[in-house]
$ cat coords_31.pdb   # PDB, N, CA and C atoms
ATOM      1  N   MET A   1       9.208  70.990   1.438
ATOM      2  CA  MET A   1      10.075  69.893   1.819
ATOM      3  C   MET A   1      10.661  70.118   3.214
ATOM      4  N   ILE A   2      11.152  71.348   3.456
ATOM      5  CA  ILE A   2      11.743  71.640   4.764
ATOM      6  C   ILE A   2      10.667  71.606   5.845
ATOM      7  N   ARG A   3       9.501  72.150   5.540
ATOM      8  CA  ARG A   3       8.406  72.136   6.523
ATOM      9  C   ARG A   3       8.034  70.697   6.900
ATOM     10  N   LYS A   4       8.051  69.817   5.915
ATOM     11  CA  LYS A   4       7.730  68.410   6.160
ATOM     12  C   LYS A   4       8.793  67.782   7.069
ATOM     13  N   ALA A   5      10.052  68.077   6.783
ATOM     14  CA  ALA A   5      11.148  67.558   7.598
ATOM     15  C   ALA A   5      11.058  68.101   9.025
ATOM     16  N   LEU A   6      10.731  69.389   9.157
ATOM     17  CA  LEU A   6      10.600  69.992  10.486
ATOM     18  C   LEU A   6       9.426  69.408  11.264
ATOM     19  N   LYS A   7       8.386  69.050  10.554
ATOM     20  CA  LYS A   7       7.234  68.442  11.218
ATOM     21  C   LYS A   7       7.640  67.100  11.822
ATOM     22  N   ALA A   8       8.472  66.361  11.099
ATOM     23  CA  ALA A   8       8.939  65.060  11.578
ATOM     24  C   ALA A   8       9.983  65.212  12.686
ATOM     25  N   GLU A   9      10.856  66.219  12.550
ATOM     26  CA  GLU A   9      11.931  66.444  13.529
ATOM     27  C   GLU A   9      12.023  67.939  13.850
ATOM     28  N   PRO A  10      11.121  68.436  14.693
ATOM     29  CA  PRO A  10      11.038  69.876  14.936
ATOM     30  C   PRO A  10      12.242  70.507  15.631
ATOM     31  N   LYS A  11      13.112  69.703  16.200
ATOM     32  CA  LYS A  11      14.279  70.261  16.894
ATOM     33  C   LYS A  11      15.587  69.996  16.155
ATOM     34  N   ASN A  12      15.495  69.529  14.928
ATOM     35  CA  ASN A  12      16.695  69.236  14.144
ATOM     36  C   ASN A  12      17.344  70.554  13.708
ATOM     37  N   SER A  13      18.565  70.796  14.179
ATOM     38  CA  SER A  13      19.219  72.086  13.910
ATOM     39  C   SER A  13      19.467  72.321  12.422
ATOM     40  N   ALA A  14      19.767  71.281  11.671
ATOM     41  CA  ALA A  14      19.999  71.447  10.230
ATOM     42  C   ALA A  14      18.715  71.893   9.530
ATOM     43  N   TYR A  15      17.592  71.300   9.919
ATOM     44  CA  TYR A  15      16.313  71.680   9.320
ATOM     45  C   TYR A  15      15.909  73.095   9.734
ATOM     46  N   LEU A  16      16.127  73.416  11.015
ATOM     47  CA  LEU A  16      15.806  74.758  11.506
ATOM     48  C   LEU A  16      16.636  75.807  10.776
ATOM     49  N   ASP A  17      17.924  75.513  10.604
ATOM     50  CA  ASP A  17      18.806  76.441   9.893
ATOM     51  C   ASP A  17      18.358  76.600   8.443
ATOM     52  N   SER A  18      18.033  75.494   7.799
ATOM     53  CA  SER A  18      17.585  75.552   6.398
ATOM     54  C   SER A  18      16.319  76.388   6.258
ATOM     55  N   MET A  19      15.383  76.196   7.176
ATOM     56  CA  MET A  19      14.141  76.969   7.126
ATOM     57  C   MET A  19      14.440  78.452   7.349
ATOM     58  N   GLY A  20      15.282  78.734   8.324
ATOM     59  CA  GLY A  20      15.660  80.116   8.588
ATOM     60  C   GLY A  20      16.345  80.754   7.402
ATOM     61  N   TRP A  21      17.199  79.998   6.736
ATOM     62  CA  TRP A  21      17.939  80.544   5.593
ATOM     63  C   TRP A  21      17.019  80.803   4.402
ATOM     64  N   VAL A  22      16.062  79.911   4.171
ATOM     65  CA  VAL A  22      15.083  80.130   3.094
ATOM     66  C   VAL A  22      14.290  81.409   3.376
ATOM     67  N   LEU A  23      13.836  81.562   4.602
ATOM     68  CA  LEU A  23      13.078  82.765   4.974
ATOM     69  C   LEU A  23      13.945  84.013   4.839
ATOM     70  N   PHE A  24      15.204  83.900   5.228
ATOM     71  CA  PHE A  24      16.146  85.019   5.085
ATOM     72  C   PHE A  24      16.266  85.414   3.618
ATOM     73  N   LYS A  25      16.463  84.442   2.760
ATOM     74  CA  LYS A  25      16.617  84.706   1.325
ATOM     75  C   LYS A  25      15.356  85.330   0.726
ATOM     76  N   ARG A  26      14.215  85.059   1.338
ATOM     77  CA  ARG A  26      12.949  85.637   0.869
ATOM     78  C   ARG A  26      12.674  87.003   1.498
ATOM     79  N   GLY A  27      13.610  87.467   2.341
ATOM     80  CA  GLY A  27      13.456  88.777   2.967
ATOM     81  C   GLY A  27      12.561  88.787   4.194
ATOM     82  N   LYS A  28      12.240  87.614   4.710
ATOM     83  CA  LYS A  28      11.387  87.508   5.906
ATOM     84  C   LYS A  28      12.285  87.376   7.138
ATOM     85  N   TYR A  29      12.976  88.469   7.450
ATOM     86  CA  TYR A  29      14.037  88.440   8.455
ATOM     87  C   TYR A  29      13.548  88.144   9.870
ATOM     88  N   ASP A  30      12.420  88.717  10.272
ATOM     89  CA  ASP A  30      11.915  88.460  11.627
ATOM     90  C   ASP A  30      11.591  86.984  11.821
ATOM     91  N   GLU A  31      10.935  86.405  10.839
ATOM     92  CA  GLU A  31      10.579  84.986  10.919
ATOM     93  C   GLU A  31      11.834  84.115  10.833
ATOM     94  N   ALA A  32      12.753  84.492   9.970
ATOM     95  CA  ALA A  32      14.010  83.751   9.829
ATOM     96  C   ALA A  32      14.779  83.733  11.140
ATOM     97  N   LEU A  33      14.799  84.866  11.819
ATOM     98  CA  LEU A  33      15.543  84.982  13.075
ATOM     99  C   LEU A  33      15.078  83.951  14.098
ATOM    100  N   LYS A  34      13.786  83.711  14.164
ATOM    101  CA  LYS A  34      13.250  82.731  15.117
ATOM    102  C   LYS A  34      13.838  81.344  14.856
ATOM    103  N   TYR A  35      13.844  80.941  13.601
ATOM    104  CA  TYR A  35      14.371  79.616  13.254
ATOM    105  C   TYR A  35      15.880  79.536  13.466
ATOM    106  N   LEU A  36      16.586  80.592  13.102
ATOM    107  CA  LEU A  36      18.040  80.581  13.243
ATOM    108  C   LEU A  36      18.454  80.577  14.713
ATOM    109  N   LYS A  37      17.711  81.270  15.554
ATOM    110  CA  LYS A  37      17.999  81.234  16.995
ATOM    111  C   LYS A  37      17.745  79.843  17.557
ATOM    112  N   MET A  38      16.665  79.200  17.124
ATOM    113  CA  MET A  38      16.379  77.835  17.582
ATOM    114  C   MET A  38      17.468  76.879  17.110
ATOM    115  N   ALA A  39      17.917  77.040  15.873
ATOM    116  CA  ALA A  39      18.971  76.172  15.334
ATOM    117  C   ALA A  39      20.254  76.346  16.127
ATOM    118  N   SER A  40      20.602  77.575  16.424
ATOM    119  CA  SER A  40      21.818  77.860  17.179
ATOM    120  C   SER A  40      21.723  77.298  18.593
ATOM    121  N   ALA A  41      20.579  77.455  19.230
ATOM    122  CA  ALA A  41      20.385  76.942  20.587
ATOM    123  C   ALA A  41      20.468  75.420  20.610
ATOM    124  N   ASP A  42      19.924  74.777  19.582
ATOM    125  CA  ASP A  42      19.947  73.319  19.510
ATOM    126  C   ASP A  42      21.375  72.795  19.417
ATOM    127  N   ARG A  43      22.241  73.557  18.784
ATOM    128  CA  ARG A  43      23.652  73.150  18.638
ATOM    129  C   ARG A  43      24.523  73.788  19.722
ATOM    130  N   ASP A  44      23.896  74.348  20.741
ATOM    131  CA  ASP A  44      24.607  75.031  21.827
ATOM    132  C   ASP A  44      25.547  76.104  21.304
ATOM    133  N   GLY A  45      25.163  76.735  20.201
ATOM    134  CA  GLY A  45      25.982  77.802  19.637
ATOM    135  C   GLY A  45      27.337  77.334  19.146
ATOM    136  N   LYS A  46      27.424  76.092  18.702
ATOM    137  CA  LYS A  46      28.714  75.517  18.296
ATOM    138  C   LYS A  46      28.835  75.252  16.802
ATOM    139  N   ASP A  47      27.906  75.728  16.004
ATOM    140  CA  ASP A  47      27.957  75.492  14.562
ATOM    141  C   ASP A  47      28.264  76.803  13.851
ATOM    142  N   PRO A  48      29.453  76.916  13.246
ATOM    143  CA  PRO A  48      29.835  78.190  12.634
ATOM    144  C   PRO A  48      28.934  78.634  11.485
ATOM    145  N   THR A  49      28.413  77.706  10.717
ATOM    146  CA  THR A  49      27.535  78.086   9.605
ATOM    147  C   THR A  49      26.223  78.666  10.126
ATOM    148  N   ILE A  50      25.660  78.029  11.133
ATOM    149  CA  ILE A  50      24.422  78.546  11.719
ATOM    150  C   ILE A  50      24.672  79.925  12.319
ATOM    151  N   LEU A  51      25.790  80.090  12.999
ATOM    152  CA  LEU A  51      26.115  81.391  13.593
ATOM    153  C   LEU A  51      26.346  82.453  12.522
ATOM    154  N   GLU A  52      26.927  82.059  11.403
ATOM    155  CA  GLU A  52      27.090  83.011  10.296
ATOM    156  C   GLU A  52      25.718  83.448   9.787
ATOM    157  N   HIS A  53      24.835  82.489   9.577
ATOM    158  CA  HIS A  53      23.483  82.803   9.109
ATOM    159  C   HIS A  53      22.762  83.705  10.109
ATOM    160  N   LEU A  54      22.907  83.394  11.389
ATOM    161  CA  LEU A  54      22.282  84.205  12.431
ATOM    162  C   LEU A  54      22.814  85.638  12.374
ATOM    163  N   GLY A  55      24.124  85.783  12.226
ATOM    164  CA  GLY A  55      24.718  87.110  12.107
ATOM    165  C   GLY A  55      24.206  87.867  10.898
ATOM    166  N   ASP A  56      24.083  87.180   9.776
ATOM    167  CA  ASP A  56      23.572  87.818   8.555
ATOM    168  C   ASP A  56      22.151  88.343   8.772
ATOM    169  N   CYS A  57      21.339  87.533   9.437
ATOM    170  CA  CYS A  57      19.954  87.925   9.689
ATOM    171  C   CYS A  57      19.902  89.110  10.661
ATOM    172  N   LEU A  58      20.703  89.053  11.704
ATOM    173  CA  LEU A  58      20.749  90.154  12.669
ATOM    174  C   LEU A  58      21.188  91.451  11.998
ATOM    175  N   GLU A  59      22.130  91.346  11.074
ATOM    176  CA  GLU A  59      22.583  92.539  10.352
ATOM    177  C   GLU A  59      21.424  93.150   9.558
ATOM    178  N   LYS A  60      20.671  92.311   8.874
ATOM    179  CA  LYS A  60      19.535  92.806   8.087
ATOM    180  C   LYS A  60      18.482  93.468   8.975
ATOM    181  N   LEU A  61      18.409  93.011  10.223
ATOM    182  CA  LEU A  61      17.456  93.583  11.172
ATOM    183  C   LEU A  61      18.055  94.777  11.920
ATOM    184  N   LYS A  62      19.201  95.250  11.430
ATOM    185  CA  LYS A  62      19.885  96.422  11.986
ATOM    186  C   LYS A  62      20.322  96.220  13.434
ATOM    187  N   GLN A  63      20.681  94.985  13.761
ATOM    188  CA  GLN A  63      21.205  94.653  15.085
ATOM    189  C   GLN A  63      22.692  94.344  14.931
ATOM    190  N   LYS A  64      23.450  95.382  14.570
ATOM    191  CA  LYS A  64      24.853  95.212  14.196
ATOM    192  C   LYS A  64      25.695  94.597  15.313
ATOM    193  N   LYS A  65      25.521  95.075  16.530
ATOM    194  CA  LYS A  65      26.335  94.561  17.635
ATOM    195  C   LYS A  65      26.148  93.049  17.797
ATOM    196  N   GLN A  66      24.895  92.595  17.770
ATOM    197  CA  GLN A  66      24.612  91.166  17.901
ATOM    198  C   GLN A  66      25.112  90.394  16.683
ATOM    199  N   ALA A  67      25.010  91.002  15.506
ATOM    200  CA  ALA A  67      25.506  90.357  14.287
ATOM    201  C   ALA A  67      27.004  90.128  14.389
ATOM    202  N   VAL A  68      27.724  91.149  14.814
ATOM    203  CA  VAL A  68      29.181  91.046  14.944
ATOM    204  C   VAL A  68      29.545  89.969  15.960
ATOM    205  N   GLU A  69      28.832  89.908  17.075
ATOM    206  CA  GLU A  69      29.112  88.878  18.081
ATOM    207  C   GLU A  69      28.893  87.480  17.509
ATOM    208  N   SER A  70      27.831  87.318  16.752
ATOM    209  CA  SER A  70      27.545  86.024  16.134
ATOM    210  C   SER A  70      28.641  85.650  15.140
ATOM    211  N   TRP A  71      29.056  86.619  14.321
ATOM    212  CA  TRP A  71      30.128  86.356  13.353
ATOM    213  C   TRP A  71      31.451  86.047  14.053
ATOM    214  N   LYS A  72      31.738  86.743  15.148
ATOM    215  CA  LYS A  72      32.983  86.476  15.889
ATOM    216  C   LYS A  72      32.996  85.043  16.406
ATOM    217  N   GLN A  73      31.873  84.617  16.971
ATOM    218  CA  GLN A  73      31.774  83.237  17.458
ATOM    219  C   GLN A  73      31.948  82.253  16.303
ATOM    220  N   ALA A  74      31.293  82.537  15.194
ATOM    221  CA  ALA A  74      31.391  81.668  14.016
ATOM    222  C   ALA A  74      32.829  81.595  13.523
ATOM    223  N   PHE A  75      33.493  82.745  13.479
ATOM    224  CA  PHE A  75      34.872  82.827  12.993
ATOM    225  C   PHE A  75      35.799  81.972  13.857
ATOM    226  N   GLU A  76      35.691  82.119  15.170
ATOM    227  CA  GLU A  76      36.561  81.358  16.077
ATOM    228  C   GLU A  76      36.287  79.862  15.992
ATOM    229  N   LEU A  77      35.026  79.486  15.957
ATOM    230  CA  LEU A  77      34.690  78.063  15.838
ATOM    231  C   LEU A  77      35.190  77.483  14.523
ATOM    232  N   ALA A  78      35.004  78.212  13.446
ATOM    233  CA  ALA A  78      35.434  77.731  12.128
ATOM    234  C   ALA A  78      36.951  77.565  12.082
ATOM    235  N   ARG A  79      37.673  78.502  12.677
ATOM    236  CA  ARG A  79      39.144  78.423  12.675
ATOM    237  C   ARG A  79      39.659  77.263  13.509
ATOM    238  N   LYS A  80      38.927  76.902  14.555
ATOM    239  CA  LYS A  80      39.371  75.833  15.459
ATOM    240  C   LYS A  80      38.937  74.447  14.994
ATOM    241  N   ASP A  81      38.114  74.389  13.966
ATOM    242  CA  ASP A  81      37.608  73.111  13.464
ATOM    243  C   ASP A  81      38.770  72.227  13.022
ATOM    244  N   LYS A  82      38.621  70.922  13.231
ATOM    245  CA  LYS A  82      39.669  69.975  12.826
ATOM    246  C   LYS A  82      39.895  69.997  11.320
ATOM    247  N   ARG A  83      38.822  70.250  10.584
ATOM    248  CA  ARG A  83      38.907  70.367   9.123
ATOM    249  C   ARG A  83      38.269  71.695   8.729
ATOM    250  N   PRO A  84      39.014  72.782   8.884
ATOM    251  CA  PRO A  84      38.425  74.109   8.649
ATOM    252  C   PRO A  84      37.938  74.312   7.216
ATOM    253  N   ASP A  85      36.803  74.959   7.112
ATOM    254  CA  ASP A  85      36.221  75.333   5.826
ATOM    255  C   ASP A  85      36.771  76.714   5.480
ATOM    256  N   LYS A  86      37.770  76.752   4.616
ATOM    257  CA  LYS A  86      38.460  78.007   4.307
ATOM    258  C   LYS A  86      37.532  79.057   3.700
ATOM    259  N   LYS A  87      36.609  78.627   2.871
ATOM    260  CA  LYS A  87      35.679  79.587   2.256
ATOM    261  C   LYS A  87      34.766  80.214   3.310
ATOM    262  N   LEU A  88      34.304  79.403   4.250
ATOM    263  CA  LEU A  88      33.472  79.911   5.341
ATOM    264  C   LEU A  88      34.268  80.921   6.168
ATOM    265  N   ILE A  89      35.485  80.578   6.506
ATOM    266  CA  ILE A  89      36.338  81.469   7.298
ATOM    267  C   ILE A  89      36.564  82.786   6.565
ATOM    268  N   GLU A  90      36.868  82.712   5.288
ATOM    269  CA  GLU A  90      37.105  83.931   4.499
ATOM    270  C   GLU A  90      35.852  84.797   4.406
ATOM    271  N   ARG A  91      34.694  84.162   4.251
ATOM    272  CA  ARG A  91      33.426  84.907   4.176
ATOM    273  C   ARG A  91      33.160  85.662   5.475
ATOM    274  N   ILE A  92      33.330  84.954   6.588
ATOM    275  CA  ILE A  92      33.065  85.574   7.890
ATOM    276  C   ILE A  92      34.097  86.660   8.178
ATOM    277  N   GLU A  93      35.339  86.387   7.833
ATOM    278  CA  GLU A  93      36.408  87.373   8.031
ATOM    279  C   GLU A  93      36.075  88.669   7.287
ATOM    280  N   LYS A  94      35.583  88.545   6.066
ATOM    281  CA  LYS A  94      35.214  89.725   5.278
ATOM    282  C   LYS A  94      34.063  90.483   5.938
ATOM    283  N   LYS A  95      33.080  89.760   6.438
ATOM    284  CA  LYS A  95      31.944  90.410   7.099
ATOM    285  C   LYS A  95      32.405  91.182   8.329
ATOM    286  N   LEU A  96      33.312  90.587   9.090
ATOM    287  CA  LEU A  96      33.828  91.265  10.277
ATOM    288  C   LEU A  96      34.614  92.516   9.895
ATOM    289  N   LYS A  97      35.442  92.393   8.886
ATOM    290  CA  LYS A  97      36.214  93.565   8.433
ATOM    291  C   LYS A  97      35.286  94.656   7.905
ATOM    292  N   ASP A  98      34.276  94.263   7.138
ATOM    293  CA  ASP A  98      33.306  95.233   6.611
ATOM    294  C   ASP A  98      32.544  95.933   7.740
ATOM    295  N   ALA A  99      32.419  95.246   8.879
ATOM    296  CA  ALA A  99      31.730  95.818  10.040
ATOM    297  C   ALA A  99      32.678  96.661  10.892
ATOM    298  N   GLY A 100      33.939  96.768  10.438
ATOM    299  CA  GLY A 100      34.906  97.593  11.153
ATOM    300  C   GLY A 100      35.662  96.865  12.246
ATOM    301  N   GLU A 101      35.584  95.547  12.254
ATOM    302  CA  GLU A 101      36.272  94.751  13.268
ATOM    303  C   GLU A 101      37.671  94.379  12.798
ATOM    304  N   THR A 102      38.588  94.316  13.741
ATOM    305  CA  THR A 102      39.943  93.867  13.453
ATOM    306  C   THR A 102      39.987  92.370  13.720
ATOM    307  N   VAL A 103      40.443  91.614  12.736
ATOM    308  CA  VAL A 103      40.540  90.163  12.909
ATOM    309  C   VAL A 103      41.923  89.705  12.497
ATOM    310  N   LYS A 104      42.361  88.637  13.152
ATOM    311  CA  LYS A 104      43.632  88.034  12.767
ATOM    312  C   LYS A 104      43.419  87.337  11.431
ATOM    313  N   PRO A 105      44.385  87.411  10.529
ATOM    314  CA  PRO A 105      44.234  86.724   9.237
ATOM    315  C   PRO A 105      43.932  85.246   9.435
ATOM    316  N   SER A 106      43.085  84.707   8.579
ATOM    317  CA  SER A 106      42.650  83.318   8.724
ATOM    318  C   SER A 106      43.774  82.314   8.551
ATOM    319  N   GLY A 107      44.861  82.708   7.956
ATOM    320  CA  GLY A 107      45.981  81.794   7.762
ATOM    321  C   GLY A 107      46.855  81.642   8.980
ATOM    322  N   LYS A 108      46.560  82.367  10.062
ATOM    323  CA  LYS A 108      47.417  82.318  11.254
ATOM    324  C   LYS A 108      46.705  81.731  12.436
TER     325      LYS A 108
END
$ encode --input "coords_31.pdb" --output "structure tokens"
Amino acid sequence: MIRKALKAEPKNSAYLDSMGWVLFKRGKYDEALKYLKMASADRDGKDPTILEHLGDCLEKLKQKKQAVESWKQAFELARKDKRPDKKLIERIEKKLKDAGETVKPSGK
């Protein structure tokens, strides 16, 4: 289904992210990374969910520094959103803390 959607709209960031996430869940991290990078680039790096997914994939590929940077960007974007997704913020905050990063509590 996702492949069909991507064939129709190959630059759609939502479809690219979905494809990347499916590949990530299947353990195909190198292939997933390609789609997640394209999705992030299509949104000019402004989508916190895509950036979270990108960070997760980078972590699995043992690229911790890049993963942390992606999560930091996702965290800041999510916190600044007009309608913040509290669960997304909490998830990213936990990942940053688990990576040894100091973050301001999401409630502030």
$ select_by_dssp --input "coords_31.pdb" --residues "chain A" --states "alpha helix (DSSP H)" --output "JSON, numbers by chain"
{"A": [2, 3, 4, 5, 6, 7, 8, 13, 14, 15, 16, 17, 18, 19, 20, 21, 22, 23, 24, 25, 29, 30, 31, 32, 33, 34, 35, 36, 37, 38, 39, 40, 41, 42, 48, 49, 50, 51, 52, 53, 54, 55, 56, 57, 58, 59, 60, 64, 65, 66, 67, 68, 69, 70, 71, 72, 73, 74, 75, 76, 77, 78, 79, 80, 86, 87, 88, 89, 90, 91, 92, 93, 94, 95, 96, 97, 98]}
$ closest_residue --input "coords_31.pdb" --among "A:Ser13, A:Gly55, A:Lys65, A:Val22" --to "A:Ser40" --atoms "only N, CA and C atoms"
A:Ser13
$ residues_around --input "coords_31.pdb" --residues "stretch 24-26 of chain A" --least-positions-apart "6" --cutoff "8 Å" --atoms "only N, CA and C atoms" --output "list in words"
Ser18, Ala32, Leu33, Asp56 and Cys57 of chain A
$ atom_distance --input "coords_31.pdb" --atom1 "atom CA of A:Asp42" --atom2 "atom N of A:Asp17"
9.4 Å
$ residues_around --input "coords_31.pdb" --residues "A:Ile89" --least-positions-apart "2" --cutoff "6.5 Å" --atoms "all atoms listed in the file" --output "JSON, numbers by chain"
{"A": [75, 78, 79, 85, 86, 87, 91, 92, 93, 94, 106]}
$ closest_residue --input "coords_31.pdb" --among "A:Ala99, A:Ala8, A:Ala39, A:Met1" --to "A:Leu51" --atoms "only C-alpha atoms"
A:Ala39
$ closest_residue --input "coords_31.pdb" --among "A:His53, A:Asp44, A:Met38, A:Leu6" --to "A:Trp21" --atoms "only N, CA and C atoms"
A:His53
$ atom_distance --input "coords_31.pdb" --atom1 "atom CA of A:Ser70" --atom2 "atom C of A:Arg3"
26.5 Å
$ atom_distance --input "coords_31.pdb" --atom1 "atom CA of A:Ala5" --atom2 "atom C of A:Leu88"
26.7 Å
$ closest_residue --input "coords_31.pdb" --among "A:Leu96, A:Ala67, A:Leu36, A:Ile2" --to "A:Ile50" --atoms "only C-alpha atoms"
A:Leu36
$ residues_around --input "coords_31.pdb" --residues "A:Tyr29" --least-positions-apart "5" --cutoff "9 Å" --atoms "only C-alpha atoms" --output "list in words"
Gly20, Leu23, Phe24, Lys34, Cys57, Leu58, Lys60 and Leu61 of chain A
$ closest_residue --input "coords_31.pdb" --among "A:Lys64, A:Gln73, A:Glu59, A:Asp30" --to "A:Asp47" --atoms "all atoms listed in the file"
A:Gln73
$ closest_residue --input "coords_31.pdb" --among "A:Lys11, A:Lys4, A:Glu90, A:Leu77" --to "A:Lys46" --atoms "only C-alpha atoms"
A:Leu77
